[in-house]
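Data from protein-v4.txt: compact mmCIF, C-alpha atoms and all ligand atoms
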# COMPACT_ATOMS: atom_id res chain seq x y z
CA MET A 1 43.22 149.96 -132.57
CA LYS A 2 40.98 152.61 -130.99
CA PRO A 3 42.12 153.46 -127.45
CA PRO A 4 39.47 152.60 -124.85
CA THR A 5 38.75 155.01 -121.99
CA SER A 6 38.52 152.15 -119.51
CA PHE A 7 39.20 148.42 -119.43
CA THR A 8 36.74 146.38 -117.41
CA SER A 9 35.84 143.51 -119.76
CA VAL A 10 36.40 142.16 -123.26
CA HIS A 11 33.76 144.65 -124.43
CA ASP A 12 36.43 147.37 -124.14
CA VAL A 13 38.56 145.64 -126.78
CA ASP A 14 37.78 146.83 -130.30
CA GLN A 15 40.13 144.51 -132.24
CA LEU A 16 40.94 141.38 -130.27
CA ASP A 17 43.38 139.99 -132.85
CA ALA A 18 45.33 143.24 -132.87
CA TRP A 19 45.53 143.22 -129.05
CA LEU A 20 46.79 139.62 -129.15
CA ASP A 21 49.35 140.51 -131.83
CA GLN A 22 50.59 143.39 -129.69
CA ALA A 23 50.95 141.04 -126.70
CA VAL A 24 53.06 138.70 -128.84
CA ALA A 25 55.18 141.68 -129.93
CA TYR A 26 55.75 142.50 -126.24
CA GLN A 27 56.70 138.87 -125.54
CA GLN A 28 59.42 139.25 -128.18
CA ASN A 29 60.53 142.76 -127.24
CA PRO A 30 59.09 143.95 -123.92
CA LEU A 31 60.91 147.29 -124.06
CA GLN A 32 59.79 148.39 -127.53
CA ASP A 33 57.58 151.11 -126.00
CA GLN A 34 59.81 151.89 -123.03
CA HIS A 35 59.28 155.66 -123.36
CA LEU A 36 55.50 155.62 -123.95
CA GLY A 37 54.67 156.22 -120.30
CA ARG A 38 57.48 158.64 -119.49
CA GLY A 39 56.36 161.27 -116.99
CA LYS A 40 53.11 159.45 -116.30
CA THR A 41 51.95 157.58 -113.23
CA VAL A 42 49.77 154.52 -112.82
CA GLY A 43 48.03 153.94 -109.50
CA LEU A 44 47.38 150.30 -108.53
CA LEU A 45 44.74 150.07 -105.82
CA PHE A 46 44.27 146.69 -104.16
CA PHE A 47 41.28 145.86 -101.97
CA ASN A 48 42.47 142.23 -101.58
CA PRO A 49 45.70 140.21 -101.81
CA SER A 50 47.47 139.48 -105.10
CA LEU A 51 50.76 138.07 -106.28
CA ARG A 52 50.50 137.78 -110.08
CA THR A 53 48.28 140.76 -110.82
CA ARG A 54 50.35 143.04 -108.63
CA LEU A 55 53.79 142.02 -109.87
CA SER A 56 52.92 141.54 -113.54
CA THR A 57 51.15 144.90 -113.76
CA LEU A 58 54.10 146.57 -112.03
CA ARG A 59 56.47 144.93 -114.49
CA ALA A 60 54.27 145.97 -117.41
CA ALA A 61 54.28 149.54 -116.11
CA TYR A 62 58.08 149.58 -115.81
CA ASN A 63 58.42 148.15 -119.33
CA LEU A 64 56.43 151.14 -120.61
CA GLY A 65 58.37 153.71 -118.59
CA LEU A 66 55.40 154.41 -116.30
CA GLN A 67 55.90 155.28 -112.64
CA PRO A 68 53.66 153.06 -110.49
CA ILE A 69 52.13 153.90 -107.13
CA VAL A 70 50.72 150.89 -105.26
CA MET A 71 48.27 151.08 -102.37
CA ASP A 72 46.72 148.30 -100.31
CA MET A 73 43.46 150.08 -99.65
CA ASN A 74 42.24 147.97 -96.74
CA GLN A 75 45.53 148.17 -94.85
CA HIS A 76 46.73 151.69 -95.63
CA GLY A 77 43.74 153.67 -96.83
CA TRP A 78 40.73 155.07 -95.00
CA GLN A 79 37.69 152.84 -95.17
CA LEU A 80 35.61 154.14 -98.08
CA GLU A 81 31.92 154.99 -98.07
CA PHE A 82 30.29 154.27 -101.44
CA ALA A 83 26.68 155.28 -100.72
CA ASP A 84 25.49 158.81 -101.36
CA GLY A 85 23.65 160.75 -98.69
CA THR A 86 25.03 158.66 -95.82
CA ILE A 87 25.60 160.29 -92.44
CA MET A 88 29.22 159.24 -92.01
CA ASN A 89 29.29 158.95 -88.23
CA GLN A 90 30.37 155.28 -88.15
CA GLY A 91 33.59 153.52 -89.24
CA LYS A 92 33.93 154.79 -92.81
CA ALA A 93 36.10 157.90 -92.85
CA GLU A 94 36.35 158.81 -96.55
CA HIS A 95 33.76 159.03 -99.31
CA ILE A 96 34.51 157.62 -102.75
CA ARG A 97 33.72 161.06 -104.22
CA GLU A 98 36.71 162.71 -102.55
CA GLY A 99 38.91 159.60 -102.57
CA ALA A 100 38.56 158.99 -106.32
CA ALA A 101 38.91 162.68 -107.20
CA VAL A 102 42.09 162.98 -105.14
CA ILE A 103 43.67 159.80 -106.56
CA SER A 104 42.86 161.09 -110.06
CA GLN A 105 45.09 164.10 -109.39
CA TYR A 106 48.07 161.87 -108.58
CA CYS A 107 47.64 159.29 -111.35
CA ASP A 108 47.19 159.23 -115.12
CA LEU A 109 45.75 155.70 -115.04
CA ILE A 110 44.14 153.82 -112.16
CA GLY A 111 43.89 150.05 -111.71
CA ILE A 112 41.38 148.64 -109.22
CA ARG A 113 41.39 145.14 -107.70
CA THR A 114 38.26 144.15 -105.77
CA PHE A 115 36.56 140.95 -104.65
CA PRO A 116 32.84 140.23 -104.32
CA SER A 117 31.09 140.00 -100.97
CA LEU A 118 29.62 136.62 -102.03
CA THR A 119 26.70 137.50 -99.77
CA ASP A 120 24.84 140.14 -101.83
CA ARG A 121 24.55 139.04 -105.46
CA GLU A 122 22.80 142.20 -106.64
CA THR A 123 25.54 144.47 -105.33
CA ASP A 124 28.35 142.20 -106.54
CA TYR A 125 26.93 141.86 -110.06
CA ALA A 126 26.29 145.63 -110.15
CA GLU A 127 30.08 145.96 -109.62
CA GLN A 128 29.53 148.67 -107.03
CA VAL A 129 33.19 149.37 -106.20
CA LEU A 130 34.46 149.40 -109.78
CA GLN A 131 31.48 151.42 -111.03
CA GLN A 132 31.92 154.03 -108.31
CA PHE A 133 35.56 154.46 -109.27
CA LEU A 134 34.56 154.73 -112.93
CA THR A 135 32.03 157.40 -112.01
CA HIS A 136 34.18 159.50 -109.72
CA THR A 137 37.68 159.30 -111.23
CA THR A 138 38.73 161.62 -114.04
CA VAL A 139 41.39 159.38 -115.61
CA PRO A 140 41.13 155.96 -117.33
CA VAL A 141 40.37 153.05 -115.01
CA PHE A 142 41.25 149.42 -115.59
CA SER A 143 40.11 146.32 -113.74
CA MET A 144 42.72 144.15 -112.07
CA GLU A 145 39.82 141.79 -111.19
CA SER A 146 36.40 142.94 -110.17
CA ALA A 147 33.56 141.27 -108.30
CA THR A 148 32.40 139.31 -111.35
CA LEU A 149 35.13 139.49 -114.03
CA HIS A 150 38.91 139.14 -114.34
CA PRO A 151 39.69 140.52 -117.81
CA LEU A 152 43.49 140.75 -117.41
CA GLN A 153 43.54 137.05 -116.54
CA SER A 154 41.27 136.08 -119.43
CA PHE A 155 43.26 138.11 -121.95
CA THR A 156 46.32 136.19 -120.70
CA ASP A 157 44.49 132.87 -120.98
CA LEU A 158 43.45 133.57 -124.56
CA LEU A 159 47.02 134.62 -125.40
CA THR A 160 48.32 131.35 -123.90
CA ILE A 161 45.77 129.22 -125.77
CA ARG A 162 46.68 130.96 -129.01
CA GLU A 163 50.35 130.25 -128.30
CA TYR A 164 49.85 126.53 -127.65
CA GLN A 165 46.87 125.55 -129.84
CA ARG A 166 47.62 122.80 -132.36
CA LYS A 167 44.49 123.34 -134.45
CA ALA A 168 42.18 126.20 -135.36
CA GLN A 169 39.30 125.02 -133.17
CA PRO A 170 40.77 123.21 -130.17
CA LYS A 171 38.47 121.51 -127.69
CA ILE A 172 38.52 123.77 -124.63
CA VAL A 173 37.01 122.50 -121.37
CA LEU A 174 36.21 124.62 -118.35
CA THR A 175 35.99 122.31 -115.37
CA TRP A 176 34.94 123.17 -111.84
CA ALA A 177 37.27 121.73 -109.17
CA PRO A 178 37.02 121.51 -105.38
CA HIS A 179 38.15 124.23 -102.94
CA PRO A 180 37.63 124.58 -99.20
CA LYS A 181 36.57 128.25 -99.39
CA ALA A 182 33.82 130.08 -101.27
CA LEU A 183 35.46 131.73 -104.29
CA PRO A 184 34.13 134.25 -106.83
CA GLN A 185 32.72 133.31 -110.24
CA ALA A 186 34.84 136.06 -111.83
CA VAL A 187 37.53 133.96 -113.51
CA ALA A 188 35.03 131.50 -115.00
CA ASN A 189 32.64 134.26 -116.16
CA SER A 190 35.43 136.22 -117.73
CA PHE A 191 37.07 133.19 -119.35
CA LEU A 192 33.78 132.38 -121.11
CA GLN A 193 33.34 136.00 -122.20
CA TRP A 194 36.80 136.13 -123.81
CA MET A 195 36.48 132.69 -125.41
CA ASN A 196 33.16 133.83 -126.91
CA ALA A 197 34.78 136.95 -128.30
CA ALA A 198 37.53 134.81 -129.86
CA GLY A 199 34.98 132.44 -131.42
CA HIS A 200 35.88 129.44 -129.25
CA SER A 201 33.27 127.02 -127.96
CA VAL A 202 33.91 125.87 -124.38
CA THR A 203 32.61 122.63 -122.89
CA ILE A 204 31.62 123.49 -119.33
CA THR A 205 31.51 120.82 -116.63
CA HIS A 206 30.57 121.24 -112.98
CA PRO A 207 28.60 119.45 -110.28
CA PRO A 208 24.82 120.04 -110.18
CA GLY A 209 24.08 123.32 -108.42
CA TYR A 210 27.18 125.13 -109.66
CA GLU A 211 25.51 126.66 -112.74
CA LEU A 212 27.04 130.01 -113.70
CA LYS A 213 24.96 133.01 -114.74
CA THR A 214 23.41 132.10 -118.11
CA GLU A 215 24.64 135.37 -119.65
CA PHE A 216 28.11 133.77 -119.67
CA THR A 217 27.28 130.15 -120.52
CA GLU A 218 24.76 130.66 -123.35
CA GLY A 219 25.73 128.70 -126.45
CA HIS A 220 28.29 126.49 -124.69
CA PRO A 221 27.64 122.79 -123.94
CA ILE A 222 27.28 122.02 -120.23
CA THR A 223 27.56 118.61 -118.60
CA HIS A 224 27.73 117.29 -115.04
CA GLN A 225 29.89 114.39 -116.29
CA GLN A 226 33.45 115.61 -115.89
CA ARG A 227 35.09 112.58 -117.56
CA GLU A 228 32.77 112.87 -120.57
CA ALA A 229 33.69 116.55 -120.92
CA LEU A 230 37.42 115.88 -120.70
CA ALA A 231 37.40 113.29 -123.50
CA GLY A 232 39.51 114.63 -126.38
CA ALA A 233 40.17 118.00 -124.73
CA ASP A 234 43.08 120.08 -125.99
CA PHE A 235 42.93 122.52 -123.06
CA VAL A 236 41.58 121.82 -119.57
CA TYR A 237 40.93 125.14 -117.84
CA THR A 238 40.34 124.36 -114.18
CA LYS A 239 38.75 126.67 -111.64
CA ASN A 240 36.67 126.54 -108.53
CA TRP A 241 33.72 128.88 -108.05
CA SER A 242 30.95 129.13 -105.49
CA THR A 243 27.30 128.88 -106.50
CA TYR A 244 25.50 131.67 -108.33
CA ALA A 245 22.06 130.57 -107.03
CA PRO A 246 21.75 130.43 -104.08
CA TYR A 247 24.60 132.88 -104.02
CA GLY A 248 28.08 132.20 -102.64
CA GLN A 249 27.50 128.68 -101.28
CA ILE A 250 29.84 125.66 -101.49
CA PRO A 251 27.70 122.50 -101.39
CA GLN A 252 29.85 119.36 -101.50
CA PRO A 253 29.52 117.40 -104.77
CA THR A 254 28.77 113.69 -104.61
CA THR A 255 31.84 112.73 -106.65
CA ASP A 256 35.44 113.89 -106.52
CA TRP A 257 36.16 116.66 -109.04
CA MET A 258 39.92 117.07 -108.47
CA VAL A 259 41.89 116.96 -111.73
CA THR A 260 44.14 113.90 -111.79
CA THR A 261 46.54 112.18 -114.19
CA ASP A 262 43.90 109.54 -114.79
CA LYS A 263 41.41 112.20 -115.92
CA MET A 264 44.02 114.03 -118.02
CA SER A 265 44.68 110.72 -119.82
CA LEU A 266 41.19 111.06 -121.33
CA THR A 267 42.24 114.25 -123.12
CA ASN A 268 43.98 114.74 -126.47
CA ASN A 269 47.33 115.04 -124.66
CA GLY A 270 45.66 118.22 -123.42
CA TYR A 271 47.21 121.15 -121.61
CA PHE A 272 46.28 121.90 -118.01
CA MET A 273 45.52 125.56 -117.25
CA HIS A 274 44.76 127.42 -114.02
CA CYS A 275 44.97 131.11 -113.16
CA LEU A 276 46.76 130.45 -109.83
CA PRO A 277 47.02 130.47 -106.89
CA VAL A 278 46.08 126.79 -106.82
CA ARG A 279 45.70 124.40 -103.87
CA ARG A 280 47.76 121.30 -104.65
CA ASN A 281 46.04 117.95 -104.18
CA VAL A 282 42.70 119.68 -103.64
CA VAL A 283 42.06 121.32 -107.02
CA VAL A 284 44.66 119.30 -108.98
CA THR A 285 47.24 116.66 -108.11
CA ASP A 286 50.97 117.33 -107.89
CA ALA A 287 51.52 114.97 -110.82
CA VAL A 288 49.34 117.05 -113.19
CA LEU A 289 50.66 120.38 -111.99
CA ASP A 290 54.29 119.24 -112.32
CA SER A 291 53.76 117.55 -115.70
CA PRO A 292 54.96 119.01 -119.04
CA GLN A 293 51.28 119.49 -119.93
CA SER A 294 50.81 122.12 -117.25
CA LEU A 295 50.81 125.71 -118.58
CA VAL A 296 50.28 127.50 -115.29
CA ILE A 297 53.72 129.14 -115.19
CA GLU A 298 53.47 130.15 -118.85
CA GLN A 299 50.06 131.68 -118.14
CA ALA A 300 51.48 133.68 -115.23
CA ASN A 301 54.34 134.88 -117.47
CA ASN A 302 51.87 136.12 -120.06
CA ARG A 303 50.16 138.28 -117.43
CA THR A 304 52.92 140.88 -117.94
CA TYR A 305 52.37 141.16 -121.70
CA ALA A 306 48.57 141.27 -121.44
CA ALA A 307 48.79 144.00 -118.81
CA GLN A 308 51.31 145.86 -120.96
CA VAL A 309 48.90 145.93 -123.91
CA VAL A 310 46.10 147.24 -121.69
CA LEU A 311 48.32 149.98 -120.23
CA ARG A 312 49.56 150.86 -123.73
CA GLN A 313 46.05 151.21 -125.10
CA LEU A 314 44.88 153.30 -122.17
CA LEU A 315 47.96 155.51 -122.40
CA LYS A 316 47.24 156.13 -126.06
CA GLY A 317 43.82 157.37 -125.00
CA THR A 318 45.06 159.69 -122.26
CA ASN A 319 45.37 162.57 -124.72
CA GLY A 320 41.64 162.95 -124.28
CA PHE A 321 42.10 163.26 -120.52
CA LYS A 322 43.84 165.92 -118.50
CA SER A 323 47.27 164.74 -117.37
CA ALA A 324 48.05 164.30 -113.68
CA SER A 325 50.28 167.36 -113.72
CA SER A 326 47.73 169.68 -115.30
CA GLY A 327 46.17 170.72 -112.04
CA LYS A 328 42.55 170.96 -111.08
CA ARG A 329 40.24 168.68 -112.99
CA ARG A 330 37.11 168.13 -110.97
CA THR A 331 34.01 167.35 -112.97
N1 LIG A 401 45.53 134.96 -111.06
C1 LIG A 401 45.61 136.02 -110.25
O1 LIG A 401 44.91 137.01 -110.42
O2 LIG A 401 46.56 135.91 -109.27
P1 LIG A 401 46.70 136.90 -108.05
O3 LIG A 401 45.43 136.77 -107.23
O4 LIG A 401 47.91 136.42 -107.30
O5 LIG A 401 46.86 138.28 -108.57

When written as structure tokens, how does the structure in this file appear?
Amino acid sequence: MKPPTSFTSVHDVDQLDAWLDQAVAYQQNPLQDQHLGRGKTVGLLFFNPSLRTRLSTLRAAYNLGLQPIVMDMNQHGWQLEFADGTIMNQGKAEHIREGAAVISQYCDLIGIRTFPSLTDRETDYAEQVLQQFLTHTTVPVFSMESATLHPLQSFTDLLTIREYQRKAQPKIVLTWAPHPKALPQAVANSFLQWMNAAGHSVTITHPPGYELKTEFTEGHPITHQQREALAGADFVYTKNWSTYAPYGQIPQPTTDWMVTTDKMSLTNNGYFMHCLPVRRNVVVTDAVLDSPQSLVIEQANNRTYAAQVVLRQLLKGTNGFKSASSGKRRT
């Protein structure tokens, strides 16, 4: 496996099967590389809340002997300016150029967690925050969810599907489900990207108006008939997202899209999957979530091993970078 210099999508994975095999190896023996990160530091920078990503990445770092530094940027950092040439006489106290360069001196790897604005599609899909960190840091950067993709989650989802699949080409359904707030398209986009890379077709179902960007859905069947999509499904991946066009809206569908036991009975004794957090009895009923067919806790467990593979691969590439203790390294 060739070490990547960053991890922001499945395109940074050179051998997907080898990455999956390594994740399985970590499931079986999480401490097999416990000295790999000795003397090195990983910075985890959060621009929005997280439970799973934060704790699983911390656990992955500890399993590799890395020392983590965690910062909630919006609460404890200065507000960052991302635009060049700005006269900084308003609220933003620190420019990304200095901020990223300084953090690079303290950390050997940097993880970034951002959310989209859901108001400016161009800026969100340009991944402004992540791209600016990639440009101005001098150490490897990995995404802990960006404006439009959630690769650590999708790697986990693929690992979980591989663990539970009962046939080589299972029927995988991605179904939209209701939510009271406008949510990003990142999990759905990323899920499709990783399933593509693994050679899986995904049947997509959502209410009219909730079409995802075609870049992610090309080649996959799409239907507005949720029950039709669920028929014979082996995996039901459930997620809410707001509209892509017009951007960030949440028009109410004419029918109820919550996943229920009745709908799951249409599947091939299929597994229910969701990235969490999930709103009970809005997205999915208690009965489905608490059933033996629900894999949500298993998915969350696999977050550690997926993150551990990503940190491992980036660490193996750090020889090409200056280490955090090697002093000045401005570009
Ligand atoms: N699935 C996921 O990313 O969970 P958190 O938002 O809690 O990190």

Original post:
How many Å lie between CA of Arg59 in chain A and CA of Thr304 in chain A, rounded to one decimal?
Top reply: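 Distance reported for this atom pair: 6.4 Å.
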
**OP:** Please write out the residues within 9 Å of ligand LIG 401 (chain A) as a ChimeraX atom specification, counting only C-alpha atoms and all ligand atoms.
**Re:** /A:48-56,113,144-145,150,152-153,187,274-277,300,303

Subject >> Given all atoms listed in the file as the counted atoms, nearest of A:Ala198, A:Val259, A:Leu118, A:Ile172 to Gly232 in chain A >> reply: A:Ile172

Subject >> Residues near Ala188 in chain A, cut-off 8 Å, all atoms listed in the file, skip fewer than 5 positions along chain, as a ChimeraX atom specification >> reply: /A:174,239,241

Please, which residues in range 146-178 of chain A fall within 12 Å of range 284-296 of chain A when counting all atoms listed in the file, and what is the closest atom pair and distance in Å to one decimal for each, ordered by chain then residue number, as a Markdown table?
| residue | atom | partner | partner_atom | distance |
| --- | --- | --- | --- | --- |
| A:Gln153 | CA | A:Val296 | CA | 11.8 |
| A:Thr156 | CA | A:Val296 | CA | 11.0 |
| A:Asp157 | CA | A:Val296 | CA | 9.7 |
| A:Leu159 | CA | A:Leu295 | CA | 11.8 |
| A:Thr160 | CA | A:Leu295 | CA | 8.1 |
| A:Ile161 | CA | A:Leu295 | CA | 9.5 |
| A:Glu163 | CA | A:Leu295 | CA | 10.7 |
| A:Tyr164 | CA | A:Leu295 | CA | 9.2 |
| A:Gln165 | CA | A:Leu295 | CA | 11.9 |
| A:Thr175 | CA | A:Val284 | CA | 11.2 |
| A:Trp176 | CA | A:Val284 | CA | 10.8 |
| A:Ala177 | CA | A:Val284 | CA | 7.8 |
| A:Pro178 | CA | A:Val284 | CA | 8.7 |

**OP:** Counting all atoms listed in the file, figure out which residue out of A:Leu66, A:Thr214, A:Gln252, A:Gln313 gets nearest to Leu31 in chain A.
**Re:** A:Leu66

**OP:** To one decimal in Å, tell me the separation between CA of Gly270 in chain A and CA of Val236 in chain A.
**Re:**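 Computing the Euclidean distance for CA of Gly270 in chain A and CA of Val236 in chain A yields 6.7 Å.
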
**OP:** Counting only C-alpha atoms, select every polymer residue within 9 Å of (39.8, 109.7, -124.8) as defined in the file's coordinates, and provide the selection as a PyMOL selection string.
**Re:** chain A and resi 228+230-233+265-268

Subject >> A:Ser143, A:Thr114, A:Thr148, A:Gln299 ranked by distance to Val129 in chain A, top pick (using all atoms listed in the file) >> reply: A:Thr114

**OP:** Would you mind reading off the distance between CA of Tyr247 in chain A and CA of Ser190 in chain A, one decimal, in Å?
**Re:**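 That distance, rounded to one decimal, is 17.8 Å.
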
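Using only C-alpha atoms for every distance, the candidate list A:Thr8, A:Gln15, A:Gln28, A:Thr243 yields A:Thr8 as the residue closest to Glu127 in chain A.
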
Near range 79-98 of chain A, 12 Å: range 105-191 of chain A residue rows, closest pairs, only C-alpha atoms, as a tab-separated table:
residue	atom	partner	partner_atom	distance
A:Gln105	CA	A:Glu98	CA	10.9
A:Thr123	CA	A:Phe82	CA	11.6
A:Glu127	CA	A:Phe82	CA	11.7
A:Gln128	CA	A:Phe82	CA	7.9
A:Val129	CA	A:Phe82	CA	7.4
A:Leu130	CA	A:Phe82	CA	10.5
A:Gln131	CA	A:Phe82	CA	10.1
A:Gln132	CA	A:Phe82	CA	7.1
A:Phe133	CA	A:Ile96	CA	7.3
A:Leu134	CA	A:Ile96	CA	10.6
A:Thr135	CA	A:Arg97	CA	8.8
A:His136	CA	A:Arg97	CA	5.7
A:Thr137	CA	A:Arg97	CA	8.2
A:Thr138	CA	A:Arg97	CA	11.0

**OP:** Write out as a list of chain:residue names the residues lying within 10 Å of Thr57 in chain A, counting all atoms listed in the file and excluding same-chain residues fewer than 6 positions away.
**Re:** A:Val42, A:Leu44, A:Asn63, A:Pro68, A:Gly111, A:Met144, A:Leu152, A:Arg303, A:Thr304, A:Tyr305, A:Ala306, A:Ala307, A:Gln308, A:Val310, A:Leu311
